[in-house]
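Trainee: start34.cif is the file, holding mmCIF, C-alpha atoms:
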```
data_entry
loop_
_atom_site.label_atom_id
_atom_site.label_comp_id
_atom_site.auth_asym_id
_atom_site.auth_seq_id
_atom_site.Cartn_x
_atom_site.Cartn_y
_atom_site.Cartn_z
CA GLY A 15 95.81 93.78 111.43
CA GLN A 16 97.14 96.58 113.56
CA ASN A 17 97.23 100.32 112.97
CA ILE A 18 99.18 102.50 115.38
CA ASP A 19 99.36 106.29 115.22
CA GLN A 20 101.64 108.61 117.12
CA PRO A 21 102.97 112.07 116.34
CA THR A 22 106.14 112.17 114.30
CA GLU A 23 107.94 114.89 116.25
CA MET A 24 107.61 116.86 119.46
CA THR A 25 109.69 119.54 121.09
CA ALA A 26 109.74 120.46 124.76
CA THR A 27 111.82 122.45 127.19
CA GLU A 28 114.14 121.08 129.84
CA GLY A 29 112.32 120.75 133.16
CA ALA A 30 108.87 120.70 131.56
CA ILE A 31 106.30 117.92 131.20
CA VAL A 32 105.47 116.31 127.85
CA GLN A 33 102.75 113.86 126.87
CA ILE A 34 103.22 111.59 123.86
CA ASN A 35 99.98 110.09 122.59
CA CYS A 36 99.39 106.81 120.84
CA THR A 37 96.16 105.55 119.31
CA TYR A 38 95.70 102.07 118.00
CA GLN A 39 93.20 99.98 116.08
CA THR A 40 93.89 96.30 116.43
CA SER A 41 92.26 92.98 115.70
CA GLY A 42 93.69 91.66 118.97
CA PHE A 43 95.24 93.21 122.05
CA ASN A 44 97.66 91.81 124.58
CA GLY A 45 99.14 94.84 126.23
CA LEU A 46 100.70 98.12 125.21
CA PHE A 47 104.41 98.84 125.44
CA TRP A 48 106.52 101.97 125.30
CA TYR A 49 110.14 101.85 124.24
CA GLN A 50 112.82 104.54 124.15
CA GLN A 51 115.35 104.67 121.36
CA HIS A 52 118.28 107.07 121.34
CA ALA A 53 119.75 107.95 117.97
CA GLY A 54 121.97 105.15 116.68
CA GLU A 55 121.01 102.81 119.49
CA ALA A 56 118.58 99.95 120.01
CA PRO A 57 115.14 100.43 121.59
CA THR A 58 114.90 99.79 125.31
CA PHE A 59 111.75 98.88 127.22
CA LEU A 60 110.13 101.66 129.26
CA SER A 61 106.65 100.57 130.33
CA TYR A 62 103.82 98.10 129.90
CA ASN A 63 100.06 98.51 130.38
CA VAL A 64 97.55 95.72 130.03
CA LEU A 65 94.78 97.11 132.24
CA ASP A 66 93.19 100.55 132.05
CA GLY A 67 94.79 103.22 134.12
CA LEU A 68 98.06 104.87 134.94
CA GLU A 69 101.36 103.13 135.63
CA GLU A 70 104.03 105.31 137.20
CA LYS A 71 107.73 104.61 137.11
CA GLY A 72 109.84 107.49 138.37
CA ARG A 73 109.69 110.43 135.99
CA PHE A 74 107.83 108.35 133.41
CA SER A 75 104.17 107.34 133.51
CA SER A 76 102.05 105.49 130.99
CA PHE A 77 98.29 105.48 130.66
CA LEU A 78 95.96 103.10 128.85
CA SER A 79 92.31 103.20 127.86
CA ARG A 80 91.42 99.99 126.07
CA SER A 81 87.89 101.09 125.19
CA LYS A 82 89.28 104.16 123.41
CA GLY A 83 92.30 102.45 121.90
CA TYR A 84 94.47 105.13 123.45
CA SER A 85 97.65 105.38 125.44
CA TYR A 86 100.03 108.12 126.42
CA LEU A 87 103.51 108.35 127.82
CA LEU A 88 104.08 111.20 130.25
CA LEU A 89 107.59 112.44 130.89
CA LYS A 90 108.10 114.79 133.82
CA GLU A 91 111.03 117.03 134.74
CA LEU A 92 112.45 116.67 131.28
CA GLN A 93 116.18 116.31 130.92
CA MET A 94 118.35 116.75 127.86
CA LYS A 95 119.05 113.01 127.86
CA ASP A 96 115.33 112.38 127.28
CA SER A 97 115.81 113.51 123.67
CA ALA A 98 115.06 110.27 121.83
CA SER A 99 112.48 108.47 119.78
CA TYR A 100 109.58 106.91 121.73
CA LEU A 101 107.95 103.86 120.21
CA CYS A 102 104.45 102.71 121.04
CA ALA A 103 103.89 98.97 120.48
CA VAL A 104 100.81 96.79 120.79
CA GLY A 105 101.17 93.16 121.83
CA GLU A 106 99.29 90.70 119.69
CA ASP A 107 97.11 88.03 121.27
CA THR A 108 99.06 85.09 119.92
CA ASN A 109 101.49 82.75 121.62
CA ALA A 110 104.40 84.06 119.59
CA GLY A 111 104.98 87.19 121.62
CA LYS A 112 104.69 89.50 118.64
CA SER A 113 104.19 93.22 118.95
CA THR A 114 103.39 95.75 116.27
CA PHE A 115 105.36 98.97 116.55
CA GLY A 116 104.32 102.49 115.71
CA ASP A 117 106.71 104.64 113.71
CA GLY A 118 107.89 106.45 116.81
CA THR A 119 107.78 110.03 118.10
CA THR A 120 111.05 111.92 118.02
CA LEU A 121 111.25 114.12 121.10
CA THR A 122 113.71 116.99 121.20
CA VAL A 123 114.38 118.57 124.57
CA LYS A 124 115.72 122.12 124.39
CA PRO A 125 117.51 124.03 127.13
CA ASP B 7 120.57 91.59 132.75
CA VAL B 8 119.35 90.22 129.45
CA LYS B 9 122.00 90.44 126.82
CA VAL B 10 121.32 90.24 123.12
CA THR B 11 124.36 90.43 120.89
CA GLN B 12 124.68 90.75 117.16
CA SER B 13 127.68 89.61 115.18
CA SER B 14 128.55 92.95 113.58
CA ARG B 15 127.75 96.62 114.21
CA TYR B 16 128.62 97.63 110.66
CA LEU B 17 128.73 95.53 107.52
CA VAL B 18 129.38 96.40 103.89
CA LYS B 19 128.50 93.86 101.22
CA ARG B 20 128.24 93.79 97.46
CA THR B 21 125.08 93.23 95.46
CA GLY B 22 124.43 89.53 94.97
CA GLU B 23 126.44 88.36 97.98
CA LYS B 24 124.93 86.01 100.54
CA VAL B 25 124.87 87.72 103.91
CA PHE B 26 124.56 86.17 107.36
CA LEU B 27 123.53 88.20 110.39
CA GLU B 28 123.86 86.40 113.70
CA CYS B 29 122.02 87.08 116.93
CA VAL B 30 122.60 85.45 120.31
CA GLN B 31 120.66 85.93 123.55
CA ASP B 32 121.73 84.66 126.94
CA MET B 33 118.44 84.61 128.87
CA ASP B 34 116.83 81.41 127.62
CA HIS B 35 114.08 83.33 125.82
CA GLU B 36 111.73 81.35 123.63
CA ASN B 37 110.88 84.14 121.18
CA MET B 38 113.33 85.80 118.84
CA PHE B 39 112.70 88.42 116.18
CA TRP B 40 114.42 90.11 113.27
CA TYR B 41 113.43 93.65 112.28
CA ARG B 42 114.71 96.24 109.90
CA GLN B 43 114.45 99.91 110.68
CA ASP B 44 114.46 102.59 108.04
CA PRO B 45 113.87 106.35 108.41
CA GLY B 46 110.18 107.14 108.18
CA LEU B 47 109.17 103.47 108.10
CA GLY B 48 109.63 102.47 111.70
CA LEU B 49 110.42 98.94 112.83
CA ARG B 50 109.26 96.30 110.39
CA LEU B 51 109.19 92.62 111.33
CA ILE B 52 111.01 90.33 108.90
CA TYR B 53 110.80 86.94 110.62
CA PHE B 54 110.26 85.61 114.10
CA SER B 55 110.68 82.32 115.91
CA TYR B 56 108.89 81.03 118.99
CA ASP B 57 110.90 77.82 119.42
CA VAL B 58 113.92 76.00 118.10
CA LYS B 59 113.55 75.16 114.40
CA MET B 60 110.24 77.07 114.29
CA LYS B 61 109.95 80.20 112.19
CA GLU B 62 107.17 82.44 111.00
CA LYS B 63 107.13 85.14 108.35
CA GLY B 64 106.67 88.68 109.50
CA ASP B 65 105.50 91.63 107.43
CA ILE B 66 108.40 91.80 104.96
CA PRO B 67 110.02 88.37 104.53
CA GLU B 68 110.81 88.61 100.82
CA GLY B 69 114.49 88.28 100.10
CA TYR B 70 115.27 86.93 103.57
CA SER B 71 115.40 83.58 105.32
CA VAL B 72 116.17 82.59 108.91
CA SER B 73 117.60 79.72 110.87
CA ARG B 74 117.15 78.75 114.50
CA GLU B 75 119.06 75.58 115.26
CA LYS B 76 119.68 76.42 118.92
CA LYS B 77 117.46 78.27 121.37
CA GLU B 78 119.92 81.08 121.96
CA ARG B 79 120.80 81.78 118.32
CA PHE B 80 118.71 83.23 115.51
CA SER B 81 120.30 83.94 112.15
CA LEU B 82 119.04 86.16 109.36
CA ILE B 83 120.16 85.33 105.84
CA LEU B 84 120.02 87.58 102.82
CA GLU B 85 120.15 85.08 99.99
CA SER B 86 121.32 87.59 97.37
CA ALA B 87 121.86 91.03 98.81
CA SER B 88 120.37 93.98 96.97
CA THR B 89 120.79 97.71 97.47
CA ASN B 90 117.25 98.05 98.80
CA GLN B 91 118.28 95.85 101.71
CA THR B 92 120.62 98.55 102.98
CA SER B 93 119.21 99.19 106.43
CA MET B 94 119.61 98.89 110.20
CA TYR B 95 118.84 95.31 111.28
CA LEU B 96 117.72 94.73 114.85
CA CYS B 97 117.39 91.42 116.61
CA ALA B 98 115.21 91.03 119.71
CA SER B 99 114.14 88.33 122.13
CA SER B 100 111.38 87.88 124.69
CA LEU B 101 109.92 85.36 127.10
CA SER B 102 106.97 83.30 126.06
CA PRO B 103 105.42 81.46 129.02
CA GLY B 104 101.84 81.10 127.76
CA PRO B 105 99.63 83.71 126.09
CA VAL B 106 101.16 86.79 127.74
CA THR B 107 103.14 89.15 125.51
CA TYR B 108 106.36 90.22 127.18
CA GLU B 109 108.67 93.11 126.47
CA GLN B 110 111.35 92.62 123.88
CA TYR B 111 115.07 93.03 124.47
CA PHE B 112 116.99 94.32 121.52
CA GLY B 113 120.52 93.82 120.31
CA PRO B 114 122.68 96.81 119.36
CA GLY B 115 121.81 96.51 115.67
CA THR B 116 123.76 95.87 112.51
CA ARG B 117 123.97 98.66 109.99
CA LEU B 118 124.22 96.89 106.65
CA THR B 119 125.23 98.71 103.49
CA VAL B 120 124.86 96.92 100.17
CA THR B 121 126.80 98.51 97.31
#
```
Write the structure described by the file as structure tokens, please.
Mentor:
Amino acid sequence: GQNIDQPTEMTATEGAIVQINCTYQTSGFNGLFWYQQHAGEAPTFLSYNVLDGLEEKGRFSSFLSRSKGYSYLLLKELQMKDSASYLCAVGEDTNAGKSTFGDGTTLTVKP
Amino acid sequence: DVKVTQSSRYLVKRTGEKVFLECVQDMDHENMFWYRQDPGLGLRLIYFSYDVKMKEKGDIPEGYSVSREKKERFSLILESASTNQTSMYLCASSLSPGPVTYEQYFGPGTRLTVT
């Protein structure tokens, strides 16, 4: 099975940097995903890591350490529109494309 | 752009009714998923399908069934709706060329209320 932990809530200030952590314990691993979900909307894909290291995509970066079962999402130059829930998801090593989702971290960006 | 559409954004049904939730994707994805999302419980997988007419139970299949007669369409059926099935239902799809897990594309969701 899969167990994914991430903080429930975080608060940060506009213009700052925030790091959202995710730890996982899985029986199989086929990549780690981050999704963003604004209130009342569907999740949208942000990033994917399958190898150790940092992947950068504009203001967002994601890091993975497979040996530690650890990932983080780094958001720079925070904007008010970044207030959302951020879901960490671990891909399962099956052919069905399944992922197990964490409960999400609700980020509130304050002026 | 991948587009996943769901038949209704909001739905109100009575206890005991049979409910159909439809999902259509336009990107020829092999995999399709049905989740429900409840406050404090995250996204929970109900059923998924990796090919036409193929279906697999997820983590919480009780009280639900699915149908996938065509590649682009995946239907979720609540055989006899109950109040504890009041929830946000999200459909998603993804590619499946081999053993790689790809990102999922979600529909806008259906907020179902069972009274």
Trainee: Using all atoms listed in the file, find the residues of chain A whose closest atom to chain B is at most 10 Å away, then write them as number ranges by chain.
Mentor: A: 22, 43-49, 54-62, 64, 101, 103-118
Trainee: Take the point (93.9, 99.7, 125.0) in the file's coordinates, draw a sphere of radius 8 Å around it, and report as JSON, numbers by chain every protein, DNA or RNA residue with an atom inside or on it, counting all atoms listed in the file.
Mentor: {"A": [38, 43, 45, 46, 64, 65, 66, 78, 79, 80, 81, 82, 83, 84, 85]}
Trainee: For CA of Asn17 (chain A) and CA of Ile52 (chain B), determine how far apart the two atoms are, in Å to one decimal place.
Mentor: 17.5 Å
Trainee: If the PyMOL selection byres ((chain B and resi 74) around 9) were run on this exact file, what residues would it hold? Put them as a PyMOL selection string.
Mentor: chain B and resi 55+57-61+72-73+75-81
Trainee: In Å, with one decimal, what is the gap from CA of Glu23 (chain A) to CA of Tyr41 (chain B)?
Mentor: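 That distance, rounded to one decimal, is 22.3 Å.
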Trainee: Given the choices B:Pro67, B:Leu84, B:Ser93, B:Trp40, which gets closest to Glu23 (chain B) if the distance is worked out from only C-alpha atoms?
Mentor: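 Residue with the minimum atom-to-atom distance to Glu23 (chain B): B:Leu84.
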Trainee: One decimal, Å: what's the distance from CA of Thr119 (chain B) over to CA of Gln91 (chain B), could you say?
Mentor: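 Between these atoms lies a distance of 7.7 Å.
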Trainee: Please identify all polymer residues within 8 Å of Ser71 (chain B), counting only C-alpha atoms, omitting same-chain residues fewer than 5 positions from it, and present them as number ranges by chain.
Mentor: B: 53, 82-85
Trainee: Pick the closest to Thr89 (chain B) from B:Tyr16, B:Asp34, B:Arg42, B:Leu118: which is it, counting all atoms listed in the file?
Mentor: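 Among the listed residues, the smallest separation from Thr89 (chain B) belongs to B:Leu118.
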Trainee: Can you pull out the residues contacting Met94 (chain A)? Cut-off 8 Å, using all atoms listed in the file, and skip same-chain residues under 3 positions away; I want them as a VMD selection string.
Mentor: chain A and resid 28 97 123 to 125
Trainee: Name the residues captured by the PyMOL selection byres ((chain A and resi 30) around 7) when it is applied to the shown file; answer as a JSON list (two decimals) with C-alpha atoms, in the coordinates of the input.
Mentor:
```json
[["chain", "number", "residue", "atom", "x", "y", "z"],
["A", 26, "ALA", "CA", 109.74, 120.46, 124.76],
["A", 27, "THR", "CA", 111.82, 122.45, 127.19],
["A", 28, "GLU", "CA", 114.14, 121.08, 129.84],
["A", 29, "GLY", "CA", 112.32, 120.75, 133.16],
["A", 31, "ILE", "CA", 106.30, 117.92, 131.20],
["A", 32, "VAL", "CA", 105.47, 116.31, 127.85],
["A", 90, "LYS", "CA", 108.10, 114.79, 133.82],
["A", 91, "GLU", "CA", 111.03, 117.03, 134.74],
["A", 92, "LEU", "CA", 112.45, 116.67, 131.28]]
```
Trainee: Could you give me, as a count of residues only, the residues that have an atom at most 6 Å away from the point (119.9, 87.6, 120.7) in the coordinates of the file, using all atoms listed in the file?
Mentor: 7
